[in-house]
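A.B. asks: Below is final.cif; it holds mmCIF, C-alpha atoms.
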data_data
#
loop_
_atom_site.group_PDB
_atom_site.id
_atom_site.type_symbol
_atom_site.label_atom_id
_atom_site.label_comp_id
_atom_site.auth_asym_id
_atom_site.auth_seq_id
_atom_site.Cartn_x
_atom_site.Cartn_y
_atom_site.Cartn_z
ATOM 1 C CA MET A 109 148.666 -26.018 -132.716
ATOM 2 C CA VAL A 110 149.523 -22.381 -133.443
ATOM 3 C CA VAL A 111 151.297 -21.912 -130.109
ATOM 4 C CA MET A 112 153.162 -25.208 -130.457
ATOM 5 C CA MET A 113 154.380 -24.411 -133.978
ATOM 6 C CA TYR A 114 155.566 -20.905 -133.141
ATOM 7 C CA VAL A 115 157.273 -21.692 -129.833
ATOM 8 C CA ARG A 116 158.632 -25.146 -130.541
ATOM 9 C CA PHE A 117 160.046 -24.622 -134.035
ATOM 10 C CA PRO A 118 162.302 -21.839 -135.384
ATOM 11 C CA LEU A 119 159.509 -20.223 -137.408
ATOM 12 C CA SER A 120 158.529 -16.589 -137.818
ATOM 13 C CA LEU A 121 154.967 -15.365 -137.372
ATOM 14 C CA ARG A 122 154.508 -15.276 -141.141
ATOM 15 C CA ASN A 123 156.006 -18.765 -141.535
ATOM 16 C CA VAL A 124 153.330 -20.104 -139.184
ATOM 17 C CA GLU A 125 150.660 -18.168 -141.105
ATOM 18 C CA ASP A 126 151.787 -19.722 -144.416
ATOM 19 C CA LEU A 127 151.994 -23.263 -143.024
ATOM 20 C CA LEU A 128 148.518 -23.001 -141.551
ATOM 21 C CA PHE A 129 147.175 -21.657 -144.853
ATOM 22 C CA GLU A 130 148.481 -24.791 -146.594
ATOM 23 C CA ARG A 131 146.387 -26.771 -144.098
ATOM 24 C CA GLY A 132 143.293 -24.762 -144.944
ATOM 25 C CA ILE A 133 143.457 -22.414 -141.931
ATOM 26 C CA ASP A 134 143.412 -18.754 -142.941
ATOM 27 C CA ILE A 135 144.607 -16.453 -140.149
ATOM 28 C CA CYS A 136 146.773 -13.333 -139.992
ATOM 29 C CA HIS A 137 150.302 -13.388 -138.568
ATOM 30 C CA GLU A 138 149.134 -10.877 -135.955
ATOM 31 C CA THR A 139 146.623 -13.488 -134.796
ATOM 32 C CA VAL A 140 149.544 -15.873 -134.303
ATOM 33 C CA ARG A 141 151.266 -13.208 -132.196
ATOM 34 C CA PHE A 142 148.147 -12.619 -130.112
ATOM 35 C CA TRP A 143 147.469 -16.319 -129.545
ATOM 36 C CA TRP A 144 150.979 -17.214 -128.425
ATOM 37 C CA ASN A 145 151.078 -14.207 -126.082
ATOM 38 C CA ARG A 146 147.641 -15.071 -124.678
ATOM 39 C CA PHE A 147 147.805 -18.853 -124.441
ATOM 40 C CA GLY A 148 151.528 -19.674 -124.426
ATOM 41 C CA PRO A 149 152.108 -18.748 -120.755
ATOM 42 C CA MET A 150 148.974 -20.654 -119.722
ATOM 43 C CA PHE A 151 150.091 -23.876 -121.432
ATOM 44 C CA ALA A 152 153.661 -23.465 -120.142
ATOM 45 C CA ALA A 153 152.443 -22.959 -116.558
ATOM 46 C CA ASP A 154 150.371 -26.168 -116.741
ATOM 47 C CA ILE A 155 153.335 -28.142 -118.104
ATOM 48 C CA LYS A 156 155.636 -26.780 -115.393
ATOM 49 C CA ARG A 157 153.166 -27.448 -112.588
ATOM 50 C CA GLN A 158 152.620 -31.053 -113.681
ATOM 51 C CA ARG A 159 156.344 -31.699 -113.964
ATOM 52 C CA ILE A 160 157.084 -30.224 -110.519
ATOM 53 C CA ASN A 161 154.370 -32.393 -108.982
ATOM 54 C CA ARG A 162 155.793 -35.513 -110.639
ATOM 55 C CA MET A 163 159.373 -34.776 -109.579
ATOM 56 C CA ARG A 164 158.716 -33.495 -106.051
ATOM 57 C CA GLY A 165 159.600 -36.860 -104.513
ATOM 58 C CA PHE A 166 163.059 -36.953 -106.139
ATOM 59 C CA ARG A 167 165.719 -35.147 -104.151
ATOM 60 C CA GLN A 168 168.926 -36.536 -105.637
ATOM 61 C CA TRP A 169 168.959 -33.835 -108.278
ATOM 62 C CA ARG A 170 171.999 -32.337 -109.923
ATOM 63 C CA TRP A 171 171.476 -28.843 -111.233
ATOM 64 C CA HIS A 172 173.584 -27.017 -113.795
ATOM 65 C CA LEU A 173 173.466 -23.208 -113.710
ATOM 66 C CA ASP A 174 174.692 -20.791 -116.351
ATOM 67 C CA GLU A 175 173.928 -17.372 -117.790
ATOM 68 C CA MET A 176 173.555 -16.304 -121.428
ATOM 69 C CA PHE A 177 174.360 -12.920 -122.929
ATOM 70 C CA VAL A 178 171.282 -11.479 -124.651
ATOM 71 C CA LYS A 179 171.066 -8.125 -126.423
ATOM 72 C CA ILE A 180 167.977 -5.956 -125.895
ATOM 73 C CA ASN A 181 168.058 -2.753 -127.966
ATOM 74 C CA GLY A 182 171.838 -2.981 -128.104
ATOM 75 C CA GLU A 183 172.207 -3.346 -124.329
ATOM 76 C CA THR A 184 173.590 -6.553 -122.798
ATOM 77 C CA HIS A 185 171.299 -8.454 -120.463
ATOM 78 C CA TYR A 186 171.693 -11.855 -118.840
ATOM 79 C CA LEU A 187 169.398 -14.845 -119.084
ATOM 80 C CA TRP A 188 170.086 -17.128 -116.124
ATOM 81 C CA ARG A 189 169.115 -20.742 -116.733
ATOM 82 C CA ALA A 190 169.019 -23.863 -114.552
ATOM 83 C CA VAL A 191 168.792 -27.366 -116.020
ATOM 84 C CA ASP A 192 168.713 -30.743 -114.286
ATOM 85 C CA GLN A 193 170.884 -33.794 -114.912
ATOM 86 C CA GLU A 194 168.611 -34.843 -117.785
ATOM 87 C CA GLY A 195 168.920 -31.508 -119.583
ATOM 88 C CA GLU A 196 165.403 -30.243 -118.817
ATOM 89 C CA VAL A 197 165.218 -26.502 -118.187
ATOM 90 C CA LEU A 198 164.008 -25.757 -114.655
ATOM 91 C CA GLU A 199 164.127 -21.967 -114.500
ATOM 92 C CA SER A 200 164.831 -18.981 -116.748
ATOM 93 C CA TYR A 201 165.385 -15.517 -115.282
ATOM 94 C CA VAL A 202 166.384 -12.245 -116.968
ATOM 95 C CA THR A 203 168.469 -9.534 -115.267
ATOM 96 C CA LYS A 204 170.489 -6.485 -116.259
ATOM 97 C CA LYS A 205 173.506 -7.558 -114.196
ATOM 98 C CA ARG A 206 175.153 -10.800 -113.189
ATOM 99 C CA ASP A 207 176.254 -9.851 -109.704
ATOM 100 C CA LYS A 208 175.565 -11.544 -106.368
ATOM 101 C CA LYS A 209 172.149 -9.914 -106.029
ATOM 102 C CA ALA A 210 170.980 -11.235 -109.410
ATOM 103 C CA ALA A 211 172.386 -14.720 -108.746
ATOM 104 C CA LEU A 212 170.711 -14.804 -105.333
ATOM 105 C CA ARG A 213 167.294 -13.879 -106.750
ATOM 106 C CA PHE A 214 167.634 -16.521 -109.442
ATOM 107 C CA MET A 215 168.675 -19.283 -107.061
ATOM 108 C CA LYS A 216 165.989 -18.443 -104.499
ATOM 109 C CA ARG A 217 163.393 -18.620 -107.243
ATOM 110 C CA ALA A 218 164.642 -22.016 -108.449
ATOM 111 C CA LEU A 219 164.815 -23.481 -104.933
ATOM 112 C CA LYS A 220 161.359 -22.177 -104.069
ATOM 113 C CA ASN A 221 159.791 -23.767 -107.144
ATOM 114 C CA HIS A 222 161.695 -27.054 -107.219
ATOM 115 C CA GLY A 223 162.816 -27.737 -103.676
ATOM 116 C CA PRO A 224 166.246 -28.778 -102.351
ATOM 117 C CA VAL A 225 168.974 -30.121 -104.607
ATOM 118 C CA GLU A 226 171.864 -32.498 -103.999
ATOM 119 C CA THR A 227 174.527 -30.840 -106.183
ATOM 120 C CA ILE A 228 174.749 -27.538 -108.064
ATOM 121 C CA THR A 229 177.262 -27.329 -110.904
ATOM 122 C CA THR A 230 178.345 -23.847 -112.033
ATOM 123 C CA ASP A 231 181.125 -22.118 -113.887
ATOM 124 C CA GLY A 232 183.705 -19.973 -112.109
ATOM 125 C CA LEU A 233 181.555 -16.830 -111.850
ATOM 126 C CA PRO A 234 182.113 -15.445 -108.292
ATOM 127 C CA SER A 235 178.443 -14.428 -108.035
ATOM 128 C CA TYR A 236 177.424 -18.084 -107.684
ATOM 129 C CA LYS A 237 179.798 -18.685 -104.787
ATOM 130 C CA ALA A 238 178.690 -15.511 -103.001
ATOM 131 C CA ALA A 239 174.994 -16.334 -103.438
ATOM 132 C CA MET A 240 175.393 -19.942 -102.307
ATOM 133 C CA SER A 241 177.353 -18.818 -99.259
ATOM 134 C CA GLU A 242 174.447 -16.607 -98.228
ATOM 135 C CA LEU A 243 171.998 -19.462 -98.814
ATOM 136 C CA GLY A 244 174.143 -21.801 -96.753
ATOM 137 C CA ASN A 245 174.652 -24.459 -99.426
ATOM 138 C CA GLN A 246 178.140 -23.614 -100.651
ATOM 139 C CA ASP A 247 179.243 -27.185 -99.906
ATOM 140 C CA ARG A 248 176.938 -28.384 -102.693
ATOM 141 C CA GLN A 249 178.669 -26.353 -105.405
ATOM 142 C CA GLU A 250 180.800 -28.085 -108.012
ATOM 143 C CA ILE A 251 183.031 -26.293 -110.513
ATOM 144 C CA GLY A 252 184.801 -28.033 -113.361
ATOM 145 C CA ARG A 253 186.149 -27.179 -116.786
ATOM 146 C CA TRP A 254 183.760 -29.479 -118.665
ATOM 147 C CA ALA A 255 181.286 -30.153 -115.866
ATOM 148 C CA ASN A 256 178.762 -27.604 -117.119
ATOM 149 C CA ASN A 257 178.466 -28.816 -120.707
ATOM 150 C CA ARG A 258 174.917 -29.978 -119.965
ATOM 151 C CA VAL A 259 173.594 -26.436 -119.542
ATOM 152 C CA GLU A 260 175.866 -25.015 -122.245
ATOM 153 C CA ASN A 261 174.316 -27.389 -124.793
ATOM 154 C CA SER A 262 170.810 -26.546 -123.584
ATOM 155 C CA HIS A 263 171.330 -22.949 -124.764
ATOM 156 C CA LEU A 264 171.394 -24.008 -128.428
ATOM 157 C CA PRO A 265 167.620 -24.442 -129.061
ATOM 158 C CA PHE A 266 166.944 -21.027 -127.539
ATOM 159 C CA ARG A 267 169.726 -19.411 -129.577
ATOM 160 C CA ARG A 268 168.243 -20.820 -132.794
ATOM 161 C CA ARG A 269 164.848 -19.437 -131.831
ATOM 162 C CA GLU A 270 166.324 -16.073 -130.889
ATOM 163 C CA ARG A 271 167.913 -15.622 -134.323
ATOM 164 C CA VAL A 272 164.599 -16.199 -136.098
ATOM 165 C CA MET A 273 162.862 -13.670 -133.825
ATOM 166 C CA GLN A 274 165.601 -11.118 -134.635
ATOM 167 C CA ARG A 275 166.282 -10.598 -130.933
ATOM 168 C CA PHE A 276 164.117 -8.954 -128.294
ATOM 169 C CA ARG A 277 163.115 -5.377 -127.549
ATOM 170 C CA ARG A 278 162.053 -5.573 -123.893
ATOM 171 C CA MET A 279 163.087 -7.537 -120.806
ATOM 172 C CA LYS A 280 159.464 -8.488 -120.214
ATOM 173 C CA SER A 281 159.178 -10.023 -123.684
ATOM 174 C CA LEU A 282 162.422 -11.944 -123.229
ATOM 175 C CA GLN A 283 161.333 -13.278 -119.833
ATOM 176 C CA LYS A 284 157.964 -14.395 -121.153
ATOM 177 C CA PHE A 285 159.308 -16.145 -124.234
ATOM 178 C CA ALA A 286 162.231 -17.774 -122.404
ATOM 179 C CA SER A 287 159.864 -19.280 -119.828
ATOM 180 C CA VAL A 288 157.339 -20.489 -122.399
ATOM 181 C CA HIS A 289 160.004 -21.857 -124.727
ATOM 182 C CA ALA A 290 161.730 -23.764 -121.921
ATOM 183 C CA ASN A 291 158.584 -25.561 -120.800
ATOM 184 C CA VAL A 292 157.381 -26.387 -124.315
ATOM 185 C CA HIS A 293 160.856 -27.649 -125.203
ATOM 186 C CA ASN A 294 160.881 -29.830 -122.065
ATOM 187 C CA HIS A 295 157.481 -31.243 -122.946
ATOM 188 C CA PHE A 296 158.493 -32.416 -126.425
ATOM 189 C CA SER A 297 162.100 -33.346 -125.648
ATOM 190 C CA SER A 298 162.402 -37.125 -125.970
ATOM 191 C CA ASP A 299 166.177 -37.779 -126.228
ATOM 192 C CA ARG A 300 165.734 -38.915 -129.797
ATOM 193 C CA HIS A 301 169.411 -39.743 -130.202
ATOM 194 C CA LEU A 302 169.301 -42.150 -127.220
ATOM 195 C CA THR A 303 166.235 -44.230 -128.098
ATOM 196 C CA ASP A 304 165.175 -46.544 -130.892
ATOM 197 C CA ARG A 305 162.628 -45.491 -133.499
ATOM 198 C CA GLN A 306 159.645 -47.267 -131.951
ATOM 199 C CA THR A 307 160.270 -45.831 -128.478
ATOM 200 C CA TYR A 308 160.655 -42.367 -129.938
ATOM 201 C CA LYS A 309 157.348 -42.661 -131.843
ATOM 202 C CA THR A 310 155.543 -43.808 -128.693
ATOM 203 C CA THR A 311 156.990 -40.950 -126.651
ATOM 204 C CA ARG A 312 156.170 -38.420 -129.350
ATOM 205 C CA SER A 313 152.561 -39.607 -129.557
ATOM 206 C CA ALA A 314 152.216 -39.390 -125.778
ATOM 207 C CA SER A 315 153.593 -35.839 -125.762
ATOM 208 C CA LEU A 316 151.191 -34.735 -128.495
ATOM 209 C CA ALA A 317 148.243 -36.351 -126.723
ATOM 210 C CA GLU A 318 149.126 -34.600 -123.476
ATOM 211 C CA TRP A 319 149.515 -31.300 -125.311
ATOM 212 C CA GLN A 320 146.063 -31.691 -126.849
ATOM 213 C CA SER A 321 144.620 -32.389 -123.402
ATOM 214 C CA LEU A 322 146.108 -29.108 -122.171
ATOM 215 C CA MET A 323 144.301 -27.221 -124.921
ATOM 216 C CA ALA A 324 140.957 -28.939 -124.276
#
Please express the file's structure as structure tokens.
C.D. replies:
Amino acid sequence: MVVMMYVRFPLSLRNVEDLLFERGIDICHETVRFWWNRFGPMFAADIKRQRINRMRGFRQWRWHLDEMFVKINGETHYLWRAVDQEGEVLESYVTKKRDKKAALRFMKRALKNHGPVETITTDGLPSYKAAMSELGNQDRQEIGRWANNRVENSHLPFRRRERVMQRFRRMKSLQKFASVHANVHNHFSSDRHLTDRQTYKTTRSASLAEWQSLMA
């Protein structure tokens, strides 16, 4: 529950400590930090592995790729993110540059983990075109003014979380949290605005039950 509360919701370490205290659980905020660092990546890896196994038979995927500007100690870094046609985050990758080399590493990582893709939608950044040319799938690239809104909107939950954390101090910390946050967000994302109340409640209960099974 500690990991879920801290990663899923825009709460600080001390916010989680106070909420748990109201439930009769007395722990220090440093314990919250230790637990999410220790167990967060483990839970996220299990969620990601199960999702990849479920989706491996589907090859008509549309990916949306984009990069976010993230400050680390005043220096600009780039968080590359890939989402599918349903808005679920597939990969998160942090680099210091956004050149062809960085784009190529990111795309190779995504293709290795998730397999081939039917269409890749990007913005006009030349690094994408250069990387896809080297990979031999340039014919699958699509560029449009509003075509990449899917990934642009997916940045918002991470941005809200980033503000509460008061930014990051190391690339390693950013990479770890971005990966954990993406998988936990995917797990509990239920398209609430597209379903009726009863369907949402059923989906939410199933997500919580699966989360509890991961912790068992």
A.B. asks: Would you please work out which residue, of A:Tyr114, A:Tyr186, A:Trp254, A:Phe214, is nearest to A:Leu282 when using all atoms listed in the file?
C.D. replies: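 Checking each of A:Tyr114, A:Tyr186, A:Trp254, A:Phe214 against A:Leu282, counting all atoms listed in the file, the winner is A:Tyr186.
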A.B. asks: Taking 2 positions as the minimum chain separation for residues in the same chain, which residues sit within 12 Å of A:Val124 when counting only C-alpha atoms? Answer as a PyMOL selection string.
C.D. replies: chain A and resi 109-122+126-131+133-141+143-144
A.B. asks: Take the PyMOL selection byres ((chain A and resi 190-207) around 8), apply it to the structure above, and return the hits as a PyMOL selection string.
C.D. replies: chain A and resi 169-174+184-189+208-211+214+218+222+235+258-259+262+279+282-283+286-287+290-291+294
A.B. asks: Using atom CA of A:Lys179 and atom CA of A:Lys280 as the two end points, give the distance in Å to one decimal.
C.D. replies: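 Straight-line distance from atom CA of A:Lys179 to atom CA of A:Lys280 works out to 13.2 Å.
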A.B. asks: Using all atoms listed in the file, can you tell me which of A:Met215, A:Ala255, A:Leu264, A:Ile180 comes closest to A:Ala238?
C.D. replies: A:Met215
A.B. asks: Quick one: of A:Glu175, A:Lys237, A:Val292, A:Arg275, who's nearest to A:Ala153, counting all atoms listed in the file?
C.D. replies: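 Closest residue, counting all atoms listed in the file: A:Val292.
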A.B. asks: What is the atom CA of A:Asp299 to atom CA of A:Arg162 distance in Å?
C.D. replies: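 Between atom CA of A:Asp299 and atom CA of A:Arg162 the gap is 18.9 Å.
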A.B. asks: To one decimal place in Å, what is the distance between atom CA of A:Glu242 and atom CA of A:Glu260?
C.D. replies: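 Value for the atom CA of A:Glu242-atom CA of A:Glu260 distance: 25.5 Å.
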A.B. asks: Compile the contact shell of stretch 311-322 of chain A as a PyMOL selection string: residues with an atom at most 8 Å away, counting all atoms listed in the file, same-chain residues fewer than 3 positions apart removed.
C.D. replies: chain A and resi 151+154+295-296+298+307-308
A.B. asks: May I ask which of the residues A:Ile251, A:Ala324, A:Val178, A:His301 is the closest one to A:Gln274, counting all atoms listed in the file?
C.D. replies: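 Smallest separation from A:Gln274 among the options: A:Val178.
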A.B. asks: Selected by the PyMOL selection byres ((chain A and resi 244-248) around 10) in the shown coordinates: which residues, as an MDAnalysis selection string?
C.D. replies: chainID A and resid 170 224:229 236:243 249:250
